[in-house]
Structures are given as structure tokens and as C-alpha cells.
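Report on the structure given below.
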Amino acid sequence: MRDIFIIGSKGIPAGYGGFETFVEQLTRHRKSKRIRYHVACMGDQNDEFEYQGSRCFRVKVPQIGPAKAVWYDLAAFLRCLHEIRRQPGEQPVVYVLACRIGPFCGFLKRKLKKMGGRLLINPDGHEWLRAKWNPAIRRYWKFSERLMVKHADLVICDSKHMQRYILETYRRYQPKTDFIAYGADIIQSGLSDQDETLLAWYRNWKLEPKEYFLIVGRFVPENNYETMLREFMDAKTEKKLAVISNVEENQFYQKLKETTGFTQDQRIVFCGTVYEEALLKKIRENACGYLHGHEVGGTNPSLLEALGSTKVNLLLDVGFNREVGMDAALYWTKEPGNLSSLIERVSEFDEEQRNAFGSRAKRRILSDYSHTQITAAYEKIFLE
């Protein structure tokens, strides 16, 4: 039995977040009986539970601001080492998602290597470019990334753009890399248009099928909410904009409220969160179009989910997104008027145009991003 320890996500069952969705799907689609997953989960106590055949262990983390993520990953890694020491297995693997514990990585790697284990990392996107961090924290993330790439046995990149960046930026360490994207499916939600849960959601937010554009994702600056809100407000369309996100009336929310005045536009509806998987998929299926403004990540799971379920997808024109969407999506820039004109154009699409984009989007998922392919690629690496 090969023990695979995954740390760096907030844990499973997944809420919102790329890593959380990835771990949820990886453990759900496991095929090899030689693999046993151990998943770190952020919690308010140190305990364990079973989920999808995986051992999940909660790590209690103090509220210490940005250092919380570093503390969590470090504590989780030490728990992994303790478990490996307690129950030695066949060449255990510790897979670290994101590069937050670089200064400790050399020490941890030596401990793991003595136990016959391997260290794999996923650098995610450019964490050091995220607008929410101050300059000092950004410098730390970049420094940490360098040290983690230096000490990793393998760097798994979820986009080819990220893989090229790692190979070019850290060529002095001659990092061993591999490219494995995230997965998605094109299975229909299974809900009918008359499903009472769906109809109740529509009534609650005063929405109608096919009469809304949709955004799903974390409410953070680097996802370009300001551009999307401004452009939608300028668009001449009677359709609405439904925003499904963990929105808190924090400093970022207040800033957008003041600078854009979006609360004055009755077409813009903040719908809170939707954690019921089938309901969220049905909401995606019934959208007129999906807006995706992610800019600093790699292959984003929410984008793959949109391609698998929403027919028309409007993506920010950056390399990460073009790599995934190719000719199956439409692209916009931050230039004033660019997105608003695209929204107006998509609002007038007939069913034939919508179906054409929908077919291409689903072919993209089937060709390169199916969960079967992604899981097989990971299991091959884990069992090497």
C-alpha cells in the first residue's frame, strides 16, 4: 500500500477553492487499490475522520493573519512525518499544494527522505502577484517558492504556462517537472427545469433560466471583479449578472461598492454560496454565459466546470485561460468597453450559436481534462 499525504488545501469535503475541488475529485475518482490517501484539513481541533475512503486529519490553526497558512502547512507536514514514523509504509509520498513553507522545506525533506519518502509540490499560480498581499508578504511567497522548487523531488504544474515558468526561472536547480491539469466532467446535473430546489433558488434571487450571466469564484481582487462589474454595468442588456461567491462586506467589497456603485444596478445580484453540487451545475447549465476573470492561477477548476456545463464562456484573455479554452470560448481584455460589447453580443446569440460553443467546450473537457485521465496521470506518478 502506498500512502499519499496531501497538504495545502483547506480540506474536504470541498467548499470553494481550486485545491479543495482538486482533492475532492482526486480522492473520489481513485482507481488503484494500492493507494491510500491522507488529507490535511484546516479545523478548530486536531482529530480525524473518514471521507470517500480517505483518512482526513484536521489541523487546529491559530488566528495569526497571513502566517496562518504557513503554520497550517508546517503543522500538517509534521503530522504526516509523525504518521509515517508510526506506521511505516511503502515509499510514502507527501504532496504539498502551494509554496508556503519554503524556509522549512530543506529540513522537512531530509526527515522525509530518511523514511524513504518523496516530496512532490504543486506551485499553484503566481501567489506572489496576488493583490491582497503587501510587498513584504509577496517577497516571502517568492522566496518560499524558490526554496520549495529547489528541494522538491518533483514539481507538478497544473498548466503548461506554469511549467515553463518553473523550468526557466529555476533552471539552476534543474527541477524535475510534470504537467497534470485539473479535471472536470460533462455529466448533466440531473435536475429538471421544474425541480423545486432550483425554482426556489430562482425565486429567491429573482432570476430566470437563460436570462443571467454567471460568475462563480472567490471574491478577491485578482479575479477582476471590478472590471467585470464595471463592464456589465455599461453593457446594454436586460439580462442579469448572478454572482455566486463567499462575499463578505469587507474592505474589498466596500471599495468596489464606492468605486463602481454596483449596488445601484438592479441587474447585479449577489447570490451567496451554493454548495449543493447538482444545483450549482444546473445553475451553470442554465446561464446565458459564464464570466471568468481569474488572472494569476494555473488551470482553474471553476473554469473547467464552466466548460463542462455552460455553453458560452467569456474568459479574461491571459495565457492560462487560452491554454484551457482555446476555440471553445470567447475572450475579453481589461480595455474599457471590450467586455461590455462582448456581453451585448452574447446576449443576442441564438440557440444555434450557443450550442456550437457548448459542443466545442465539451470536446475540450473530453479531450484533455476528464477526471479519468487526470486521476490516471496522478496515480501513475504516485506509484512510481
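Residues in the C-alpha cells are numbered from 1 in each chain, the chains being A, B, ... in the order shown, and ligands are numbered from 1 in the order shown.
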How would you write, as JSON, numbers by chain, the set of residues in segment 188-304 of chain A that DSSP gives as helix (DSSP H, G or I)? {"A": [196, 197, 198, 199, 200, 201, 202, 203, 204, 205, 221, 222, 223, 225, 226, 227, 228, 229, 230, 231, 232, 233, 234, 251, 252, 253, 254, 255, 256, 257, 258, 259, 260, 262, 263, 264, 277, 278, 279, 280, 281, 282, 283, 284, 285, 301, 302, 303, 304]}
Need the shell around Gly89 of chain A: protein/DNA/RNA residues with any atom at most 8 Å away, counting only C-alpha atoms. Skip same-chain ones fewer than 2 positions apart. Format as a list in words? Met1, Arg2, Asp3, Ile84, Gln87, Gln91 and Pro92 of chain A
So that I have them on file, write out the residues from the current selection with N, CA, C and O atoms, as a PDB file, in the first residue's frame.
```pdb
ATOM      1  N   MET A   1       0.849  -1.205   0.000  1.00  0.00           N
ATOM      2  CA  MET A   1       0.000   0.000   0.000  1.00  0.00           C
ATOM      3  C   MET A   1       0.878   1.246   0.000  1.00  0.00           C
ATOM      4  O   MET A   1       1.815   1.349   0.793  1.00  0.00           O
ATOM      5  N   ARG A   2       0.593   2.176  -0.884  1.00  0.00           N
ATOM      6  CA  ARG A   2       1.351   3.426  -0.968  1.00  0.00           C
ATOM      7  C   ARG A   2       0.540   4.538  -0.296  1.00  0.00           C
ATOM      8  O   ARG A   2      -0.580   4.846  -0.706  1.00  0.00           O
ATOM      9  N   ASP A   3       1.110   5.142   0.739  1.00  0.00           N
ATOM     10  CA  ASP A   3       0.438   6.228   1.454  1.00  0.00           C
ATOM     11  C   ASP A   3       0.758   7.555   0.779  1.00  0.00           C
ATOM     12  O   ASP A   3       1.930   7.915   0.613  1.00  0.00           O
ATOM     13  N   ILE A  84       3.947   8.695   9.335  1.00  0.00           N
ATOM     14  CA  ILE A  84       4.847   7.808   8.593  1.00  0.00           C
ATOM     15  C   ILE A  84       5.777   7.072   9.554  1.00  0.00           C
ATOM     16  O   ILE A  84       6.055   5.874   9.392  1.00  0.00           O
ATOM     17  N   GLN A  87       3.590   4.421  11.417  1.00  0.00           N
ATOM     18  CA  GLN A  87       3.196   3.289  10.585  1.00  0.00           C
ATOM     19  C   GLN A  87       3.961   3.344   9.265  1.00  0.00           C
ATOM     20  O   GLN A  87       3.424   3.822   8.252  1.00  0.00           O
ATOM     21  N   GLN A  91       7.397   3.486   0.532  1.00  0.00           N
ATOM     22  CA  GLN A  91       7.777   4.735  -0.130  1.00  0.00           C
ATOM     23  C   GLN A  91       6.644   5.777  -0.110  1.00  0.00           C
ATOM     24  O   GLN A  91       6.056   6.097  -1.134  1.00  0.00           O
ATOM     25  N   PRO A  92       6.332   6.315   1.060  1.00  0.00           N
ATOM     26  CA  PRO A  92       5.246   7.305   1.159  1.00  0.00           C
ATOM     27  C   PRO A  92       5.555   8.572   0.361  1.00  0.00           C
ATOM     28  O   PRO A  92       6.720   8.913   0.120  1.00  0.00           O
TER      29      PRO A  92
END
```
Using only C-alpha atoms: which of A:Phe22, A:Asp153, A:Glu344, A:Glu145 has the shortest distance to Tyr165 of chain A: A:Glu145
List the neighbours of Pro123 of chain A out to 10 Å using only C-alpha atoms; skip same-chain residues closer than 4 positions along the sequence, and give me the result as a PyMOL selection string. chain A and resi 96-100+127+145-146+148-149+155-158+162-163+166+297-298
If you count only C-alpha atoms, which residues fall within 7 Å of Glu231 of chain A, apart from same-chain ones fewer than 3 positions away, as a list in words?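 Close residues of Glu231 of chain A: Thr227, Met228, Asp234, Ala235, Gly337, Leu339 and Ser340 of chain A.
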For the residues in that selection, give me N, CA and C atoms as a PDB file, in the first residue's frame.
```pdb
ATOM      1  N   THR A 227     -13.414  44.929 -12.863  1.00  0.00           N
ATOM      2  CA  THR A 227     -13.594  45.054 -14.313  1.00  0.00           C
ATOM      3  C   THR A 227     -14.916  44.441 -14.751  1.00  0.00           C
ATOM      4  N   MET A 228     -15.219  43.250 -14.258  1.00  0.00           N
ATOM      5  CA  MET A 228     -16.445  42.564 -14.682  1.00  0.00           C
ATOM      6  C   MET A 228     -17.696  43.334 -14.265  1.00  0.00           C
ATOM      7  N   ASP A 234     -22.011  48.770 -17.801  1.00  0.00           N
ATOM      8  CA  ASP A 234     -22.005  49.559 -19.041  1.00  0.00           C
ATOM      9  C   ASP A 234     -22.686  48.835 -20.198  1.00  0.00           C
ATOM     10  N   ALA A 235     -22.906  47.537 -20.052  1.00  0.00           N
ATOM     11  CA  ALA A 235     -23.474  46.750 -21.146  1.00  0.00           C
ATOM     12  C   ALA A 235     -24.960  47.045 -21.305  1.00  0.00           C
ATOM     13  N   GLY A 337     -14.764  48.945 -22.346  1.00  0.00           N
ATOM     14  CA  GLY A 337     -15.701  48.686 -23.432  1.00  0.00           C
ATOM     15  C   GLY A 337     -15.552  47.336 -24.088  1.00  0.00           C
ATOM     16  N   LEU A 339     -15.238  44.128 -22.706  1.00  0.00           N
ATOM     17  CA  LEU A 339     -16.123  43.100 -22.159  1.00  0.00           C
ATOM     18  C   LEU A 339     -17.587  43.479 -22.319  1.00  0.00           C
ATOM     19  N   SER A 340     -17.915  44.747 -22.118  1.00  0.00           N
ATOM     20  CA  SER A 340     -19.328  45.150 -22.227  1.00  0.00           C
ATOM     21  C   SER A 340     -19.879  44.870 -23.624  1.00  0.00           C
TER      22      SER A 340
END
```
So which one's closest to Gln373 of chain A, A:Tyr140, A:Phe104, A:Tyr182, A:Tyr95? Using only C-alpha atoms, please.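 So, comparing all the options, the nearest one is A:Tyr182.
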Can you tell me which residues surround Asp327 of chain A at a distance of at most 10 Å, considering only C-alpha atoms, apart from same-chain residues fewer than 6 positions away, and format the answer as an MDAnalysis selection string? chainID A and resid 357 360:361 364
If you measure from atom CA of Arg354 of chain A to atom CA of Trp201 of chain A, what distance in Å do you get, rounded to one decimal?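 These two atoms are separated by 23.9 Å.
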Find the residues around segment 29-41 of chain A up to 9 Å (only C-alpha atoms counted), leave out those fewer than 5 positions away in its own chain, and share them as a PyMOL selection string. chain A and resi 1-12+23-24+53-60+73+76-77+79-80+371-372+375-376+379+382-383
Strand (DSSP E or B) call set, DSSP backbone run, segment 3-205 of chain A, as a ChimeraX atom specification: /A:3-7,35-43,48-51,54-60,93-97,118-122,154-157,177-179,184
With only C-alpha atoms as the basis for distance, which of A:Leu315, A:Gly65, A:Asn223, A:Thr27 is at the shortest distance from Ile137 of chain A?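 Among the listed residues, A:Gly65 lies closest to Ile137 of chain A.
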Using only C-alpha atoms, the residue out of A:Ala181, A:Cys288, A:Ile244, A:Leu342 with shortest distance to Asp368 of chain A is A:Ala181
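Between atom CA of Ala377 of chain A and atom CA of Gln25 of chain A the interatomic distance comes to 13.4 Å.
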Could you please determine the separation between atom CA of Ser192 of chain A and atom CA of Tyr51 of chain A in Å, to one decimal place?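 Separating atom CA of Ser192 of chain A from atom CA of Tyr51 of chain A is a distance of 28.8 Å.
With only C-alpha atoms as the atoms that count, the residue of A:Leu241, A:Ile381, A:Cys105, A:Asp350 with the shortest distance to Leu154 of chain A is A:Ile381.
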